[in-house]
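Student: There's a structure below that I have some questions on.
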Amino acid sequence: MAVIEPRLRTTRSARKAKGDGHERRAEILAAAERLFVEQGYEGATIRKIADAVGLSSTALYMHFKDKAEILAEICEAGFGKLATVTDEIEAEPQPAEISLRRKMRAYADFGFANPNAYRLIYLTRPGEAGSAEGVARRVGRGLYDRLRSTVEDMAKEGRLNRDPHTATQLIWGGVHGLVSLMLTKPYFDWDDRDALIESMMNAIIADLTRE
C-alpha cells in the first residue's frame, strides 16, 4: 500500500486560498475511494478518511456531511464519465450493432481505467453502501436503459433472435463478468485484454443476432 505523507492540519478558522476547498474535496474523494475498496464501506471510517488527507474529522465535516455523501459523489462522478461517453456514441448516426459494440467497449474501458470506482459501483454488496446505494442504482439503471434502447433498435431492424430485455441482460452480464474477473484476479495469467474483450463481444452478438 502506498504511504500517504501527512498534510499540515488547518484550523476551522483559517481561511483557505481560493480554489483550495475544491482541491481538498477532490483529495478527500480520492482517499475515500481507495479506503472504501481496501477496507469496505463500514471499515473506512470518517476518522480514517480524514487521517489519509491530514484533516481532523471536524474539518472533514466542513466538506461532506457524512460518509454516505462521500460515496454518493464518487458514484455520481464515476457514472458521469461513462454517461458522457455513451452520450457521444448515441449522438453519432450509425447502425445499432455498431453503437452496441461501442457501448460495450466503453463500459469495459471505463472499468479498466477506473478500477476503484468500478468496484464501488458494481462490486459492492447490497446494503453495504448505506444510503449512497440509491445513487448507484438510479444512475446505473439509466445506463442500463440506454444499453437496452440500442438492443431494441437491433430488434426493430429484425436482427435480434430473442427478447430485447433478455438480450440486454446477457450482454451486460458478459461484459461485466470479464471486466470484474480481470480486476479482482489480476494475478491470473490472462490473455491480451483487448483481444479477450473483442472475442467476447463477437461471441455474444453472434449468439443474439440473426443472419
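If you're wondering about the labels, chains in the C-alpha cells are A, B, ... by order shown, residues count from 1 in each chain, ligands from 1 in order shown.
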Could you give me the residues within region 23-155 of chain A that DSSP places in helix (DSSP H, G or I), as a ChimeraX atom specification?
Tutor: /A:23-43,46-52,57-60,67-90,96-113,115-122,130-155
Student: Considering only C-alpha atoms, state which residue in the set A:Pro164, A:Gly158, A:Gly40, A:Gly111 is at the smallest distance from Phe79 (chain A).
Tutor: A:Gly111
Student: For the contact check between region 52-106 of chain A and region 196-210 of chain A, emit one row per residue of region 52-106 of chain A within 8 Å, containing the shortest atom pair and the distance in Å rounded to one decimal, counting only C-alpha atoms, chain then rising number order, as a tab-separated table.
Tutor:
residue	atom	partner	partner_atom	distance
A:Arg101	CA	A:Met201	CA	7.1
A:Met104	CA	A:Met201	CA	7.6
A:Arg105	CA	A:Ile197	CA	7.6
Student: At what distance in Å, to one decimal, does CA of Glu23 (chain A) lie from CA of Leu60 (chain A)?
Tutor: 12.9 Å
Student: Please provide the set of residues having any atom within 8 Å of region 46-50 of chain A, restricted to only C-alpha atoms, with same-chain residues fewer than 4 positions apart removed, written as a list in words.
Tutor: Ile28, Ala31, Ala32, Leu35, Gly54, Leu55, Ser56, Ser57, Leu60, Asp66 and Lys67 of chain A
Student: Show which residues sit within 8 Å of Leu100 (chain A), as a list of chain:residue names. Count only C-alpha atoms, and ignore same-chain residues fewer than 4 positions away.
Tutor: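 Residues meeting the cut-off are A:Ala96, A:Met104, A:Leu147, A:Thr150, A:Val151.
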Student: Write the residues of the selection above to a file with N, CA and C atoms, as a short mmCIF file (atom, residue, chain, number, x, y, z; two decimals), in the first residue's frame.
Tutor:
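Result file result_29.cif:
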data_model
loop_
_atom_site.label_atom_id
_atom_site.label_comp_id
_atom_site.auth_asym_id
_atom_site.auth_seq_id
_atom_site.Cartn_x
_atom_site.Cartn_y
_atom_site.Cartn_z
N ALA A 96 -27.30 0.07 -35.40
CA ALA A 96 -27.47 -0.28 -33.98
C ALA A 96 -26.37 -1.20 -33.48
N MET A 104 -20.46 -1.38 -25.43
CA MET A 104 -19.85 -2.48 -24.69
C MET A 104 -18.37 -2.20 -24.44
N LEU A 147 -28.42 1.11 -22.80
CA LEU A 147 -27.94 -0.08 -23.49
C LEU A 147 -29.12 -0.84 -24.09
N THR A 150 -30.51 0.50 -27.37
CA THR A 150 -29.75 0.12 -28.56
C THR A 150 -30.08 -1.31 -28.98
N VAL A 151 -30.24 -2.19 -28.00
CA VAL A 151 -30.64 -3.57 -28.30
C VAL A 151 -32.03 -3.59 -28.93
#
Student: Need to verify the contact set: Glu38 (chain A), 10 Å, only C-alpha atoms, exclusion of same-chain residues closer than 5 positions in sequence. Can you return it as a compact mmCIF listing (two decimals) with N, CA and C atoms, in the first residue's frame?
Tutor:
# COMPACT_ATOMS: atom_id res chain seq x y z
N MET A 1 0.86 -1.19 0.00
CA MET A 1 0.00 0.00 0.00
C MET A 1 0.89 1.24 0.00
N ALA A 32 -11.02 8.50 0.05
CA ALA A 32 -12.17 7.69 0.45
C ALA A 32 -12.40 6.54 -0.53
N GLU A 33 -12.28 6.84 -1.82
CA GLU A 33 -12.48 5.79 -2.84
C GLU A 33 -11.52 4.64 -2.61
N GLY A 43 -15.62 -0.37 7.10
CA GLY A 43 -14.27 -0.26 7.65
C GLY A 43 -13.62 1.10 7.41
N ALA A 44 -14.02 1.76 6.33
CA ALA A 44 -13.44 3.07 6.00
C ALA A 44 -14.19 4.16 6.77
N ASN A 116 -11.16 1.40 -9.11
CA ASN A 116 -11.73 1.61 -7.78
C ASN A 116 -13.19 2.02 -7.87
Student: Do you have, as a Markdown table, the list of residues of region 64-120 of chain A lying at most 12 Å from region 179-190 of chain A, each with its nearest atom pair and that distance in Å to one decimal, counting only C-alpha atoms and ordered by chain then number?
Tutor:
| residue | atom | partner | partner_atom | distance |
| --- | --- | --- | --- | --- |
| A:Met104 | CA | A:Val179 | CA | 10.9 |
| A:Arg105 | CA | A:Val179 | CA | 10.6 |
| A:Ala106 | CA | A:Val179 | CA | 11.6 |
| A:Tyr107 | CA | A:Val179 | CA | 8.9 |
| A:Ala108 | CA | A:Val179 | CA | 6.2 |
| A:Asp109 | CA | A:Val179 | CA | 8.9 |
| A:Phe110 | CA | A:Val179 | CA | 9.6 |
| A:Gly111 | CA | A:Val179 | CA | 6.6 |
| A:Phe112 | CA | A:Val179 | CA | 7.3 |
| A:Ala113 | CA | A:Leu183 | CA | 10.5 |
| A:Asn114 | CA | A:Leu183 | CA | 10.1 |
| A:Pro115 | CA | A:Leu183 | CA | 6.8 |
| A:Asn116 | CA | A:Leu183 | CA | 9.3 |
| A:Ala117 | CA | A:Leu183 | CA | 11.5 |
| A:Tyr118 | CA | A:Ser180 | CA | 8.5 |
| A:Arg119 | CA | A:Ser180 | CA | 7.9 |
| A:Leu120 | CA | A:Ser180 | CA | 11.4 |
Student: So that I can see what lies close to region 83-87 of chain A, please list as a short mmCIF file (atom, residue, chain, number, x, y, z; two decimals) with N, CA and C atoms, in the first residue's frame the residues with an atom at most 10 Å from it, counting only C-alpha atoms and leaving out residues fewer than 3 positions away in the same chain.
Tutor:
data_model
loop_
_atom_site.label_atom_id
_atom_site.label_comp_id
_atom_site.auth_asym_id
_atom_site.auth_seq_id
_atom_site.Cartn_x
_atom_site.Cartn_y
_atom_site.Cartn_z
N ALA A 77 -19.78 10.69 -9.92
CA ALA A 77 -18.67 11.05 -10.80
C ALA A 77 -18.29 9.90 -11.72
N GLY A 78 -18.27 8.69 -11.16
CA GLY A 78 -17.92 7.53 -11.96
C GLY A 78 -18.92 7.28 -13.07
N PHE A 79 -20.20 7.27 -12.72
CA PHE A 79 -21.24 7.07 -13.72
C PHE A 79 -21.25 8.22 -14.72
N GLY A 80 -20.94 9.42 -14.25
CA GLY A 80 -20.94 10.57 -15.14
C GLY A 80 -19.94 10.42 -16.28
N GLU A 90 -24.21 7.85 -28.79
CA GLU A 90 -25.59 7.94 -29.25
C GLU A 90 -25.80 9.13 -30.19
N ALA A 91 -24.95 10.13 -30.09
CA ALA A 91 -25.12 11.32 -30.92
C ALA A 91 -24.70 11.07 -32.37
N GLU A 92 -23.98 9.99 -32.62
CA GLU A 92 -23.49 9.71 -33.96
C GLU A 92 -24.43 8.76 -34.70
N SER A 99 -23.26 0.78 -32.68
CA SER A 99 -23.47 1.51 -31.43
C SER A 99 -23.36 0.58 -30.23
N ARG A 102 -19.75 -0.32 -29.53
CA ARG A 102 -19.03 0.81 -28.95
C ARG A 102 -19.42 1.02 -27.49
N LYS A 103 -20.69 0.80 -27.16
CA LYS A 103 -21.12 0.93 -25.76
C LYS A 103 -20.51 -0.17 -24.90
N MET A 104 -20.46 -1.38 -25.43
CA MET A 104 -19.85 -2.48 -24.69
C MET A 104 -18.37 -2.20 -24.44
N ALA A 106 -16.96 0.77 -24.39
CA ALA A 106 -16.85 1.91 -23.47
C ALA A 106 -17.02 1.46 -22.02
N TYR A 107 -17.95 0.55 -21.81
CA TYR A 107 -18.19 0.01 -20.46
C TYR A 107 -16.93 -0.69 -19.95
N PHE A 110 -14.09 1.80 -19.33
CA PHE A 110 -14.32 2.55 -18.09
C PHE A 110 -13.89 1.74 -16.88
N VAL A 139 -28.48 5.88 -11.17
CA VAL A 139 -27.69 6.22 -12.35
C VAL A 139 -27.34 4.97 -13.14
N GLY A 140 -27.07 3.87 -12.43
CA GLY A 140 -26.77 2.62 -13.11
C GLY A 140 -27.95 2.14 -13.93
N GLY A 142 -30.08 4.04 -15.38
CA GLY A 142 -30.13 4.88 -16.57
C GLY A 142 -29.20 4.38 -17.65
N LEU A 143 -28.00 3.95 -17.25
CA LEU A 143 -27.06 3.41 -18.22
C LEU A 143 -27.55 2.09 -18.81
N ARG A 146 -30.13 2.77 -21.41
CA ARG A 146 -29.54 3.23 -22.66
C ARG A 146 -29.03 2.06 -23.49
N LEU A 147 -28.42 1.11 -22.80
CA LEU A 147 -27.94 -0.08 -23.49
C LEU A 147 -29.12 -0.84 -24.09
#
Student: Provide the CA of Ile98 (chain A) to CA of Ile121 (chain A) distance in Å, to one decimal place.
Tutor: 26.1 Å
Student: Nearest to Glu152 (chain A): which of A:Ala195, A:Ala26, A:Ala167, A:Val53 is it, counting only C-alpha atoms?
Tutor: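 With only C-alpha atoms as the atom set, the closest residue is A:Ala167.
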